[in-house]
Amino acid sequence: MEPILLYGVPAGSSMGLIAAMEWLGKPYRLCRVDMLSEMQEPAYLRINPRRETPVLITDQGQVLTETMAIANWLQDRDTERRISFAPRSAETDRMHQLMAFINTGFTGAFVPLWQAWEMENPDPQVKMILQQVGNAGVINRHDKLEQMVGDNPFLLGAHPCLADAIFIGVARWLAIHQVAEPTRWPKIAAMRERISRTPAVSFATAIENGETPAGSGAFLGHVALREVIERFGA
Ligand SMILES: N[C@@H](CCC(=O)N[C@@H](CS)C(=O)NCC(=O)O)C(=O)O
C-alpha cells in the first residue's frame, strides 16, 4: 500500500510534510484531520493517544507519530536524495541539527500562543501572560534561527530538503499570531518566501485550503479519517 499522511487543519505543521511528499515524488495518500473537531473525538486516540498530527500510516500499515520519526522514515526511502543527503555526510548532520532545532525550541515557543488562542472563556490575565511568554519565546527562537540560516537559497543549499519542509509548516505561525513583523528577521523572511514559492508548497497550501490542485502526480487522493481509524487504529 501507499503511505498515508494525516495532516491537521487549520494551519498544522504537517503542511510541510505534504510538501516533502511532493518533493520526494513517490506515491502517497493524504488524510485530512480537523484538529478542532475530529481530533477531539475519542476515536482519534486510536491513531494517536497524544491527540496530535502529523501521523504517517506507513507502507506496511504501521502507525508512526512524531514529525522527526516521519521525516526519518522519508529520508530512509529517499534513494534518489531529493530531500536528503548521503548518510554520514556533513550535510546530513547539519540537516538533522536544523530539523531538531525547528521541531523543538522553535515550534515549542508557539505553544503558549496556541493555548491562548484555543481558550474558551479565557481569564484575561492568564491569556495575557500566555501571550507575553509566547511572544518572548518566539522572538528569542527567531533571533537564534536567524543566526543559523546561511546564505544559500534553501536551508541546506540549492534545493529544498526535509529541514525546509519542517520549517515551512511552522514559519507561517509568526504571522498568524502577529508576534512581530517578519522583516525583523530578513534571512528567515527571505527563506520562507523562497520555500513558499515552490510548487510543492503551493500544492500543500491548496490542499489545506480544501482545493484540488494539480501536484507532481505522486498524490493519489484522500482517505477518510473514519476509514483510517477503522483500518489502522489500535
Ligand atoms: N511532537 C509532535 C508535536 C506535533 C504537534 O504539536 N502537532 C500539533 C499541530 S501542528 C497538534 O496536533 N496540536 C493539537 C493540539 O494541541 O490540540 C511532533 O513533532 O509531531
# chains A, B, ... in the order shown; residues from 1 in each chain; ligands from 1
>>> residues_near_ligand(ligand="ligand 1", cutoff="7 Å", atoms="only C-alpha atoms and all ligand atoms", output="list in words")
Gly8, Gly12, Ser13, Ser14, Met35, Arg51, Glu52, Thr53, Pro54, Thr65, Glu66, Thr67, Met68 and Asn103 of chain A
>>> write_last_selection(atoms="all heavy atoms", output="compact mmCIF listing (two decimals), in the first residue's frame")
# COMPACT_ATOMS: atom_id res chain seq x y z
N GLY A 8 -3.04 18.02 9.78
CA GLY A 8 -4.02 18.73 10.60
C GLY A 8 -4.35 20.10 10.04
O GLY A 8 -3.47 20.83 9.58
N GLY A 12 -1.79 23.33 10.49
CA GLY A 12 -0.90 22.38 11.16
C GLY A 12 0.51 22.41 10.59
O GLY A 12 0.71 22.71 9.41
N SER A 13 1.46 22.06 11.43
CA SER A 13 2.84 21.98 10.97
C SER A 13 2.99 20.93 9.89
O SER A 13 3.93 20.96 9.08
CB SER A 13 3.77 21.65 12.14
OG SER A 13 3.37 20.42 12.73
N SER A 14 2.05 19.98 9.84
CA SER A 14 2.11 18.87 8.88
C SER A 14 2.05 19.33 7.43
O SER A 14 2.39 18.55 6.53
CB SER A 14 1.00 17.87 9.17
OG SER A 14 -0.15 18.49 9.68
N MET A 35 -8.47 19.54 13.34
CA MET A 35 -7.93 19.43 14.72
C MET A 35 -8.90 19.98 15.76
O MET A 35 -8.80 19.66 16.93
CB MET A 35 -6.58 20.14 14.81
CG MET A 35 -5.52 19.49 13.93
SD MET A 35 -3.87 20.10 14.26
CE MET A 35 -3.92 21.74 13.56
N ARG A 51 -3.12 12.76 20.81
CA ARG A 51 -4.06 13.67 20.14
C ARG A 51 -3.33 14.77 19.36
O ARG A 51 -3.50 15.96 19.61
CB ARG A 51 -5.00 14.30 21.18
CG ARG A 51 -6.40 14.58 20.63
CD ARG A 51 -7.22 15.40 21.60
NE ARG A 51 -7.77 14.68 22.73
CZ ARG A 51 -8.85 13.91 22.73
NH1 ARG A 51 -9.52 13.74 21.63
NH2 ARG A 51 -9.27 13.33 23.83
N GLU A 52 -2.50 14.35 18.43
CA GLU A 52 -1.74 15.31 17.62
C GLU A 52 -1.66 14.83 16.17
O GLU A 52 -1.79 13.65 15.89
CB GLU A 52 -0.30 15.46 18.16
CG GLU A 52 -0.20 16.19 19.48
CD GLU A 52 1.21 16.22 20.06
OE1 GLU A 52 2.05 15.35 19.70
OE2 GLU A 52 1.47 17.09 20.87
N THR A 53 -1.41 15.76 15.29
CA THR A 53 -0.95 15.47 13.93
C THR A 53 0.46 16.05 13.83
O THR A 53 0.79 16.94 14.63
CB THR A 53 -1.85 16.14 12.87
OG1 THR A 53 -1.91 17.54 13.13
CG2 THR A 53 -3.23 15.53 12.86
N PRO A 54 1.31 15.61 12.92
CA PRO A 54 1.07 14.64 11.86
C PRO A 54 1.17 13.19 12.37
O PRO A 54 1.74 12.92 13.41
CB PRO A 54 2.21 14.92 10.89
CG PRO A 54 3.33 15.38 11.77
CD PRO A 54 2.68 16.16 12.87
N THR A 65 3.93 8.14 14.60
CA THR A 65 3.69 9.53 15.02
C THR A 65 5.03 10.23 15.22
O THR A 65 6.07 9.59 15.23
CB THR A 65 2.89 9.58 16.34
OG1 THR A 65 3.67 8.95 17.37
CG2 THR A 65 1.55 8.89 16.22
N GLU A 66 4.96 11.53 15.41
CA GLU A 66 6.09 12.43 15.66
C GLU A 66 6.80 12.82 14.35
O GLU A 66 7.31 11.98 13.60
CB GLU A 66 7.12 11.85 16.65
CG GLU A 66 6.56 11.62 18.05
CD GLU A 66 6.14 12.92 18.75
OE1 GLU A 66 6.78 13.96 18.52
OE2 GLU A 66 5.16 12.88 19.49
N THR A 67 6.85 14.13 14.16
CA THR A 67 7.41 14.71 12.94
C THR A 67 8.81 14.17 12.63
O THR A 67 9.12 13.82 11.48
CB THR A 67 7.48 16.25 13.10
OG1 THR A 67 6.15 16.72 13.36
CG2 THR A 67 8.04 16.91 11.87
N MET A 68 9.66 14.10 13.64
CA MET A 68 11.05 13.68 13.40
C MET A 68 11.11 12.22 12.95
O MET A 68 11.94 11.85 12.12
CB MET A 68 11.91 13.90 14.64
CG MET A 68 12.05 15.37 15.02
SD MET A 68 12.93 16.33 13.77
CE MET A 68 14.60 15.93 14.20
N ASN A 103 11.98 21.70 15.18
CA ASN A 103 10.90 20.86 15.74
C ASN A 103 10.78 20.96 17.27
O ASN A 103 9.75 20.63 17.82
CB ASN A 103 11.11 19.40 15.33
CG ASN A 103 9.99 18.50 15.79
OD1 ASN A 103 10.20 17.59 16.59
ND2 ASN A 103 8.78 18.76 15.34
>>> select_by_dssp(residues="range 166-208 of chain A", states="helix (DSSP H, G or I)", output="PDB file with N, CA, C and O atoms, in the first residue's frame")
ATOM      1  N   ILE A 166      10.046  21.031   7.284  1.00  0.00           N
ATOM      2  CA  ILE A 166       9.653  21.196   8.686  1.00  0.00           C
ATOM      3  C   ILE A 166       9.557  22.687   9.036  1.00  0.00           C
ATOM      4  O   ILE A 166       8.654  23.117   9.754  1.00  0.00           O
ATOM      5  N   PHE A 167      10.466  23.459   8.466  1.00  0.00           N
ATOM      6  CA  PHE A 167      10.441  24.911   8.703  1.00  0.00           C
ATOM      7  C   PHE A 167       9.168  25.547   8.143  1.00  0.00           C
ATOM      8  O   PHE A 167       8.491  26.320   8.838  1.00  0.00           O
ATOM      9  N   ILE A 168       8.802  25.193   6.913  1.00  0.00           N
ATOM     10  CA  ILE A 168       7.723  25.938   6.252  1.00  0.00           C
ATOM     11  C   ILE A 168       6.359  25.658   6.885  1.00  0.00           C
ATOM     12  O   ILE A 168       5.456  26.510   6.851  1.00  0.00           O
ATOM     13  N   GLY A 169       6.211  24.488   7.509  1.00  0.00           N
ATOM     14  CA  GLY A 169       4.932  24.194   8.170  1.00  0.00           C
ATOM     15  C   GLY A 169       4.684  25.083   9.377  1.00  0.00           C
ATOM     16  O   GLY A 169       3.538  25.341   9.757  1.00  0.00           O
ATOM     17  N   VAL A 170       5.762  25.571   9.976  1.00  0.00           N
ATOM     18  CA  VAL A 170       5.662  26.324  11.230  1.00  0.00           C
ATOM     19  C   VAL A 170       5.898  27.824  11.015  1.00  0.00           C
ATOM     20  O   VAL A 170       5.376  28.652  11.772  1.00  0.00           O
ATOM     21  N   ALA A 171       6.659  28.167   9.962  1.00  0.00           N
ATOM     22  CA  ALA A 171       7.094  29.558   9.774  1.00  0.00           C
ATOM     23  C   ALA A 171       5.917  30.522   9.704  1.00  0.00           C
ATOM     24  O   ALA A 171       6.014  31.670  10.162  1.00  0.00           O
ATOM     25  N   TRP A 173       3.296  30.608  11.369  1.00  0.00           N
ATOM     26  CA  TRP A 173       2.659  30.904  12.665  1.00  0.00           C
ATOM     27  C   TRP A 173       3.046  32.283  13.194  1.00  0.00           C
ATOM     28  O   TRP A 173       2.303  32.885  13.969  1.00  0.00           O
ATOM     29  N   LEU A 174       4.198  32.785  12.790  1.00  0.00           N
ATOM     30  CA  LEU A 174       4.617  34.130  13.218  1.00  0.00           C
ATOM     31  C   LEU A 174       3.565  35.168  12.817  1.00  0.00           C
ATOM     32  O   LEU A 174       3.185  36.038  13.613  1.00  0.00           O
ATOM     33  N   ALA A 175       3.101  35.048  11.564  1.00  0.00           N
ATOM     34  CA  ALA A 175       2.096  35.998  11.069  1.00  0.00           C
ATOM     35  C   ALA A 175       0.729  35.697  11.665  1.00  0.00           C
ATOM     36  O   ALA A 175      -0.021  36.610  12.012  1.00  0.00           O
ATOM     37  N   ILE A 176       0.403  34.408  11.815  1.00  0.00           N
ATOM     38  CA  ILE A 176      -0.910  34.051  12.372  1.00  0.00           C
ATOM     39  C   ILE A 176      -1.083  34.668  13.757  1.00  0.00           C
ATOM     40  O   ILE A 176      -2.134  35.203  14.101  1.00  0.00           O
ATOM     41  N   PRO A 182       7.573  40.096  10.144  1.00  0.00           N
ATOM     42  CA  PRO A 182       8.518  39.098   9.622  1.00  0.00           C
ATOM     43  C   PRO A 182       9.842  39.715   9.165  1.00  0.00           C
ATOM     44  O   PRO A 182      10.898  39.091   9.258  1.00  0.00           O
ATOM     45  N   THR A 183       9.814  40.967   8.683  1.00  0.00           N
ATOM     46  CA  THR A 183      11.036  41.615   8.176  1.00  0.00           C
ATOM     47  C   THR A 183      12.056  41.875   9.285  1.00  0.00           C
ATOM     48  O   THR A 183      13.205  42.214   9.000  1.00  0.00           O
ATOM     49  N   ARG A 184      11.656  41.700  10.536  1.00  0.00           N
ATOM     50  CA  ARG A 184      12.612  41.836  11.643  1.00  0.00           C
ATOM     51  C   ARG A 184      13.734  40.796  11.514  1.00  0.00           C
ATOM     52  O   ARG A 184      14.833  41.003  12.026  1.00  0.00           O
ATOM     53  N   PRO A 186      15.370  39.254   8.442  1.00  0.00           N
ATOM     54  CA  PRO A 186      15.377  39.255   6.964  1.00  0.00           C
ATOM     55  C   PRO A 186      15.757  37.924   6.334  1.00  0.00           C
ATOM     56  O   PRO A 186      15.194  37.547   5.303  1.00  0.00           O
ATOM     57  N   LYS A 187      16.692  37.204   6.948  1.00  0.00           N
ATOM     58  CA  LYS A 187      17.094  35.918   6.334  1.00  0.00           C
ATOM     59  C   LYS A 187      15.949  34.914   6.421  1.00  0.00           C
ATOM     60  O   LYS A 187      15.672  34.175   5.475  1.00  0.00           O
ATOM     61  N   ILE A 188      15.299  34.855   7.583  1.00  0.00           N
ATOM     62  CA  ILE A 188      14.173  33.922   7.741  1.00  0.00           C
ATOM     63  C   ILE A 188      13.048  34.311   6.781  1.00  0.00           C
ATOM     64  O   ILE A 188      12.447  33.450   6.122  1.00  0.00           O
ATOM     65  N   ALA A 189      12.778  35.607   6.679  1.00  0.00           N
ATOM     66  CA  ALA A 189      11.686  36.069   5.812  1.00  0.00           C
ATOM     67  C   ALA A 189      11.962  35.698   4.355  1.00  0.00           C
ATOM     68  O   ALA A 189      11.062  35.216   3.647  1.00  0.00           O
ATOM     69  N   ALA A 190      13.213  35.898   3.920  1.00  0.00           N
ATOM     70  CA  ALA A 190      13.552  35.579   2.526  1.00  0.00           C
ATOM     71  C   ALA A 190      13.477  34.070   2.290  1.00  0.00           C
ATOM     72  O   ALA A 190      12.997  33.608   1.246  1.00  0.00           O
ATOM     73  N   MET A 191      13.944  33.295   3.274  1.00  0.00           N
ATOM     74  CA  MET A 191      13.895  31.829   3.155  1.00  0.00           C
ATOM     75  C   MET A 191      12.440  31.358   3.040  1.00  0.00           C
ATOM     76  O   MET A 191      12.096  30.528   2.208  1.00  0.00           O
ATOM     77  N   ARG A 192      11.597  31.901   3.918  1.00  0.00           N
ATOM     78  CA  ARG A 192      10.185  31.498   3.906  1.00  0.00           C
ATOM     79  C   ARG A 192       9.546  31.819   2.552  1.00  0.00           C
ATOM     80  O   ARG A 192       8.807  31.017   1.991  1.00  0.00           O
ATOM     81  N   GLU A 193       9.863  32.991   2.044  1.00  0.00           N
ATOM     82  CA  GLU A 193       9.312  33.423   0.751  1.00  0.00           C
ATOM     83  C   GLU A 193       9.731  32.458  -0.367  1.00  0.00           C
ATOM     84  O   GLU A 193       8.913  32.018  -1.167  1.00  0.00           O
ATOM     85  N   ARG A 194      11.030  32.115  -0.368  1.00  0.00           N
ATOM     86  CA  ARG A 194      11.532  31.229  -1.437  1.00  0.00           C
ATOM     87  C   ARG A 194      10.897  29.839  -1.340  1.00  0.00           C
ATOM     88  O   ARG A 194      10.480  29.271  -2.339  1.00  0.00           O
ATOM     89  N   ILE A 195      10.835  29.302  -0.126  1.00  0.00           N
ATOM     90  CA  ILE A 195      10.268  27.954   0.029  1.00  0.00           C
ATOM     91  C   ILE A 195       8.782  27.978  -0.339  1.00  0.00           C
ATOM     92  O   ILE A 195       8.268  27.072  -0.989  1.00  0.00           O
ATOM     93  N   SER A 196       8.088  29.044   0.085  1.00  0.00           N
ATOM     94  CA  SER A 196       6.645  29.141  -0.189  1.00  0.00           C
ATOM     95  C   SER A 196       6.345  29.180  -1.673  1.00  0.00           C
ATOM     96  O   SER A 196       5.263  28.782  -2.105  1.00  0.00           O
ATOM     97  N   PRO A 199       6.499  24.888  -6.134  1.00  0.00           N
ATOM     98  CA  PRO A 199       5.217  24.264  -6.484  1.00  0.00           C
ATOM     99  C   PRO A 199       4.713  23.306  -5.395  1.00  0.00           C
ATOM    100  O   PRO A 199       3.507  23.206  -5.159  1.00  0.00           O
ATOM    101  N   ALA A 200       5.628  22.629  -4.711  1.00  0.00           N
ATOM    102  CA  ALA A 200       5.200  21.662  -3.680  1.00  0.00           C
ATOM    103  C   ALA A 200       4.505  22.361  -2.517  1.00  0.00           C
ATOM    104  O   ALA A 200       3.505  21.850  -1.984  1.00  0.00           O
ATOM    105  N   VAL A 201       5.006  23.513  -2.130  1.00  0.00           N
ATOM    106  CA  VAL A 201       4.370  24.233  -1.011  1.00  0.00           C
ATOM    107  C   VAL A 201       3.062  24.879  -1.476  1.00  0.00           C
ATOM    108  O   VAL A 201       2.084  24.904  -0.721  1.00  0.00           O
ATOM    109  N   SER A 202       3.029  25.361  -2.701  1.00  0.00           N
ATOM    110  CA  SER A 202       1.753  25.866  -3.239  1.00  0.00           C
ATOM    111  C   SER A 202       0.717  24.753  -3.232  1.00  0.00           C
ATOM    112  O   SER A 202      -0.443  24.959  -2.870  1.00  0.00           O
ATOM    113  N   PHE A 203       1.152  23.553  -3.637  1.00  0.00           N
ATOM    114  CA  PHE A 203       0.250  22.396  -3.648  1.00  0.00           C
ATOM    115  C   PHE A 203      -0.247  22.100  -2.234  1.00  0.00           C
ATOM    116  O   PHE A 203      -1.450  21.946  -2.002  1.00  0.00           O
ATOM    117  N   ALA A 204       0.686  22.043  -1.288  1.00  0.00           N
ATOM    118  CA  ALA A 204       0.324  21.695   0.094  1.00  0.00           C
ATOM    119  C   ALA A 204      -0.632  22.733   0.691  1.00  0.00           C
ATOM    120  O   ALA A 204      -1.579  22.383   1.400  1.00  0.00           O
ATOM    121  N   THR A 205      -0.391  23.996   0.372  1.00  0.00           N
ATOM    122  CA  THR A 205      -1.259  25.061   0.886  1.00  0.00           C
ATOM    123  C   THR A 205      -2.656  24.948   0.278  1.00  0.00           C
ATOM    124  O   THR A 205      -3.665  25.124   0.977  1.00  0.00           O
ATOM    125  N   ALA A 206      -2.701  24.638  -1.004  1.00  0.00           N
ATOM    126  CA  ALA A 206      -4.005  24.487  -1.666  1.00  0.00           C
ATOM    127  C   ALA A 206      -4.767  23.294  -1.084  1.00  0.00           C
ATOM    128  O   ALA A 206      -5.979  23.358  -0.869  1.00  0.00           O
ATOM    129  N   ILE A 207      -4.055  22.210  -0.816  1.00  0.00           N
ATOM    130  CA  ILE A 207      -4.693  21.037  -0.190  1.00  0.00           C
ATOM    131  C   ILE A 207      -5.290  21.446   1.162  1.00  0.00           C
ATOM    132  O   ILE A 207      -6.437  21.132   1.488  1.00  0.00           O
ATOM    133  N   GLU A 208      -4.502  22.164   1.948  1.00  0.00           N
ATOM    134  CA  GLU A 208      -5.000  22.648   3.254  1.00  0.00           C
ATOM    135  C   GLU A 208      -6.267  23.470   3.084  1.00  0.00           C
ATOM    136  O   GLU A 208      -7.166  23.412   3.919  1.00  0.00           O
TER     137      GLU A 208
END
>>> residues_around(residues="Gln115 in chain A", least_positions_apart="5", cutoff="12 Å", atoms="only C-alpha atoms", output="VMD selection string")
chain A and resid 108 to 110 120 122 126 to 131 133 to 134 177
>>> select_by_dssp(residues="range 68-226 of chain A", states="strand (DSSP E)", output="list in words")
Phe219, Leu220, Gly221 and His222 of chain A
>>> write_last_selection(atoms="all heavy atoms", output="PDB file, in the first residue's frame")
ATOM      1  N   PHE A 219       0.638  12.296  -5.579  1.00  0.00           N
ATOM      2  CA  PHE A 219      -0.535  12.265  -4.689  1.00  0.00           C
ATOM      3  C   PHE A 219      -1.656  11.463  -5.341  1.00  0.00           C
ATOM      4  O   PHE A 219      -2.107  11.797  -6.441  1.00  0.00           O
ATOM      5  CB  PHE A 219      -0.984  13.704  -4.402  1.00  0.00           C
ATOM      6  CG  PHE A 219      -2.271  13.801  -3.648  1.00  0.00           C
ATOM      7  CD1 PHE A 219      -2.467  13.120  -2.450  1.00  0.00           C
ATOM      8  CD2 PHE A 219      -3.312  14.595  -4.129  1.00  0.00           C
ATOM      9  CE1 PHE A 219      -3.664  13.215  -1.757  1.00  0.00           C
ATOM     10  CE2 PHE A 219      -4.502  14.707  -3.445  1.00  0.00           C
ATOM     11  CZ  PHE A 219      -4.682  14.014  -2.255  1.00  0.00           C
ATOM     12  N   LEU A 220      -2.120  10.417  -4.620  1.00  0.00           N
ATOM     13  CA  LEU A 220      -3.128   9.511  -5.193  1.00  0.00           C
ATOM     14  C   LEU A 220      -4.524   9.726  -4.626  1.00  0.00           C
ATOM     15  O   LEU A 220      -5.430   8.945  -4.907  1.00  0.00           O
ATOM     16  CB  LEU A 220      -2.698   8.056  -4.968  1.00  0.00           C
ATOM     17  CG  LEU A 220      -1.352   7.661  -5.569  1.00  0.00           C
ATOM     18  CD1 LEU A 220      -1.066   6.184  -5.319  1.00  0.00           C
ATOM     19  CD2 LEU A 220      -1.294   7.963  -7.065  1.00  0.00           C
ATOM     20  N   GLY A 221      -4.682  10.746  -3.774  1.00  0.00           N
ATOM     21  CA  GLY A 221      -6.023  11.051  -3.272  1.00  0.00           C
ATOM     22  C   GLY A 221      -6.117  10.965  -1.765  1.00  0.00           C
ATOM     23  O   GLY A 221      -5.191  10.519  -1.086  1.00  0.00           O
ATOM     24  N   HIS A 222      -7.274  11.415  -1.264  1.00  0.00           N
ATOM     25  CA  HIS A 222      -7.519  11.413   0.178  1.00  0.00           C
ATOM     26  C   HIS A 222      -8.159  10.099   0.630  1.00  0.00           C
ATOM     27  O   HIS A 222      -8.891   9.457  -0.120  1.00  0.00           O
ATOM     28  CB  HIS A 222      -8.479  12.552   0.545  1.00  0.00           C
ATOM     29  CG  HIS A 222      -7.783  13.860   0.782  1.00  0.00           C
ATOM     30  ND1 HIS A 222      -7.596  14.793  -0.209  1.00  0.00           N
ATOM     31  CD2 HIS A 222      -7.229  14.382   1.914  1.00  0.00           C
ATOM     32  CE1 HIS A 222      -6.956  15.846   0.297  1.00  0.00           C
ATOM     33  NE2 HIS A 222      -6.716  15.625   1.579  1.00  0.00           N
TER      34      HIS A 222
END
>>> closest_atom_pairs(of="range 85-115 of chain A", to="range 156-162 of chain A", cutoff="10 Å", atoms="only C-alpha atoms", output="CSV")
residue,atom,partner,partner_atom,distance
A:Phe85,CA,A:Cys161,CA,8.6
A:Glu91,CA,A:Leu156,CA,7.1
A:Thr92,CA,A:Leu156,CA,9.2
A:Arg94,CA,A:Leu156,CA,7.8
A:Met95,CA,A:Leu156,CA,6.8
A:His96,CA,A:Leu162,CA,8.8
A:Leu98,CA,A:Leu156,CA,9.2
A:Met99,CA,A:Leu162,CA,7.6
>>> write_last_selection(atoms="N, CA, C and O atoms", output="PDB file, in the first residue's frame")
ATOM      1  N   PHE A  85      20.389  13.922   2.137  1.00  0.00           N
ATOM      2  CA  PHE A  85      21.779  13.862   1.661  1.00  0.00           C
ATOM      3  C   PHE A  85      22.364  12.497   2.003  1.00  0.00           C
ATOM      4  O   PHE A  85      21.733  11.691   2.698  1.00  0.00           O
ATOM      5  N   GLU A  91      26.333  17.337   5.378  1.00  0.00           N
ATOM      6  CA  GLU A  91      25.019  17.937   5.079  1.00  0.00           C
ATOM      7  C   GLU A  91      23.911  17.253   5.882  1.00  0.00           C
ATOM      8  O   GLU A  91      22.987  17.912   6.360  1.00  0.00           O
ATOM      9  N   THR A  92      24.024  15.922   6.015  1.00  0.00           N
ATOM     10  CA  THR A  92      23.011  15.201   6.798  1.00  0.00           C
ATOM     11  C   THR A  92      23.054  15.645   8.260  1.00  0.00           C
ATOM     12  O   THR A  92      22.010  15.891   8.880  1.00  0.00           O
ATOM     13  N   ARG A  94      24.065  18.488   9.436  1.00  0.00           N
ATOM     14  CA  ARG A  94      23.550  19.866   9.506  1.00  0.00           C
ATOM     15  C   ARG A  94      22.025  19.877   9.328  1.00  0.00           C
ATOM     16  O   ARG A  94      21.309  20.613  10.005  1.00  0.00           O
ATOM     17  N   MET A  95      21.527  19.048   8.414  1.00  0.00           N
ATOM     18  CA  MET A  95      20.074  18.978   8.204  1.00  0.00           C
ATOM     19  C   MET A  95      19.381  18.513   9.486  1.00  0.00           C
ATOM     20  O   MET A  95      18.380  19.097   9.911  1.00  0.00           O
ATOM     21  N   HIS A  96      19.926  17.493  10.127  1.00  0.00           N
ATOM     22  CA  HIS A  96      19.326  16.997  11.372  1.00  0.00           C
ATOM     23  C   HIS A  96      19.372  18.056  12.464  1.00  0.00           C
ATOM     24  O   HIS A  96      18.448  18.188  13.266  1.00  0.00           O
ATOM     25  N   LEU A  98      19.287  21.337  12.087  1.00  0.00           N
ATOM     26  CA  LEU A  98      18.254  22.341  11.833  1.00  0.00           C
ATOM     27  C   LEU A  98      16.860  21.779  12.101  1.00  0.00           C
ATOM     28  O   LEU A  98      16.002  22.449  12.694  1.00  0.00           O
ATOM     29  N   MET A  99      16.618  20.537  11.673  1.00  0.00           N
ATOM     30  CA  MET A  99      15.307  19.919  11.905  1.00  0.00           C
ATOM     31  C   MET A  99      15.016  19.817  13.396  1.00  0.00           C
ATOM     32  O   MET A  99      13.893  20.097  13.846  1.00  0.00           O
TER      33      MET A  99
END
>>> closest_residue(among="A:Gln75, A:Gln132, A:Asn48, A:Gln60", to="Glu2 in chain A", atoms="only C-alpha atoms")
A:Gln60
>>> residues_around(residues="Arg46 in chain A", least_positions_apart="2", cutoff="6 Å", atoms="only C-alpha atoms", output="PyMOL selection string")
chain A and resi 43-44+48+233-234
>>> atom_distance(atom1="CA of Val63 in chain A", atom2="CA of Leu6 in chain A")
10.3 Å
>>> closest_atom_pairs(of="range 64-132 of chain A", to="range 21-34 of chain A", cutoff="9 Å", atoms="only C-alpha atoms", output="JSON lines")
{"residue": "A:Leu74", "atom": "CA", "partner": "A:Leu24", "partner_atom": "CA", "distance": 8.0}
{"residue": "A:Arg77", "atom": "CA", "partner": "A:Leu24", "partner_atom": "CA", "distance": 8.8}
{"residue": "A:Asp78", "atom": "CA", "partner": "A:Leu24", "partner_atom": "CA", "distance": 6.7}
{"residue": "A:Glu80", "atom": "CA", "partner": "A:Leu24", "partner_atom": "CA", "distance": 8.5}
{"residue": "A:Arg81", "atom": "CA", "partner": "A:Leu24", "partner_atom": "CA", "distance": 8.4}
{"residue": "A:Arg82", "atom": "CA", "partner": "A:Leu24", "partner_atom": "CA", "distance": 5.9}
{"residue": "A:Ile83", "atom": "CA", "partner": "A:Leu24", "partner_atom": "CA", "distance": 6.3}
>>> write_last_selection(atoms="C-alpha atoms", output="short mmCIF file (atom, residue, chain, number, x, y, z; two decimals), in the first residue's frame")
data_model
loop_
_atom_site.label_atom_id
_atom_site.label_comp_id
_atom_site.auth_asym_id
_atom_site.auth_seq_id
_atom_site.Cartn_x
_atom_site.Cartn_y
_atom_site.Cartn_z
CA LEU A 74 11.01 9.62 4.44
CA ARG A 77 13.19 5.95 1.42
CA ASP A 78 14.73 8.89 -0.40
CA GLU A 80 17.42 9.45 -5.12
CA ARG A 81 18.39 12.01 -2.44
CA ARG A 82 15.72 14.50 -3.46
CA ILE A 83 15.02 15.74 0.07
#
>>> atom_distance(atom1="CA of Ala163 in chain A", atom2="CA of Glu38 in chain A")
28.5 Å
>>> decode(residues="range 152-171 of chain A", atoms="C-alpha atoms", output="mmCIF file, in the first residue's frame")
data_model
loop_
_atom_site.group_PDB
_atom_site.id
_atom_site.type_symbol
_atom_site.label_atom_id
_atom_site.label_comp_id
_atom_site.auth_asym_id
_atom_site.auth_seq_id
_atom_site.Cartn_x
_atom_site.Cartn_y
_atom_site.Cartn_z
ATOM 1 C CA ASN A 152 22.003 29.540 0.453
ATOM 2 C CA PRO A 153 18.708 29.722 -1.444
ATOM 3 C CA PHE A 154 17.347 26.952 0.811
ATOM 4 C CA LEU A 155 18.342 25.842 4.301
ATOM 5 C CA LEU A 156 20.916 23.318 3.082
ATOM 6 C CA GLY A 157 21.817 24.602 -0.357
ATOM 7 C CA ALA A 158 20.321 24.973 -3.795
ATOM 8 C CA HIS A 159 17.343 22.624 -3.289
ATOM 9 C CA PRO A 160 14.723 22.239 -0.573
ATOM 10 C CA CYS A 161 15.146 19.287 1.807
ATOM 11 C CA LEU A 162 13.410 17.876 4.880
ATOM 12 C CA ALA A 163 14.608 20.800 7.010
ATOM 13 C CA ASP A 164 12.844 23.245 4.666
ATOM 14 C CA ALA A 165 9.689 21.119 4.899
ATOM 15 C CA ILE A 166 9.653 21.196 8.686
ATOM 16 C CA PHE A 167 10.441 24.911 8.703
ATOM 17 C CA ILE A 168 7.723 25.938 6.252
ATOM 18 C CA GLY A 169 4.932 24.194 8.170
ATOM 19 C CA VAL A 170 5.662 26.324 11.230
ATOM 20 C CA ALA A 171 7.094 29.558 9.774
#
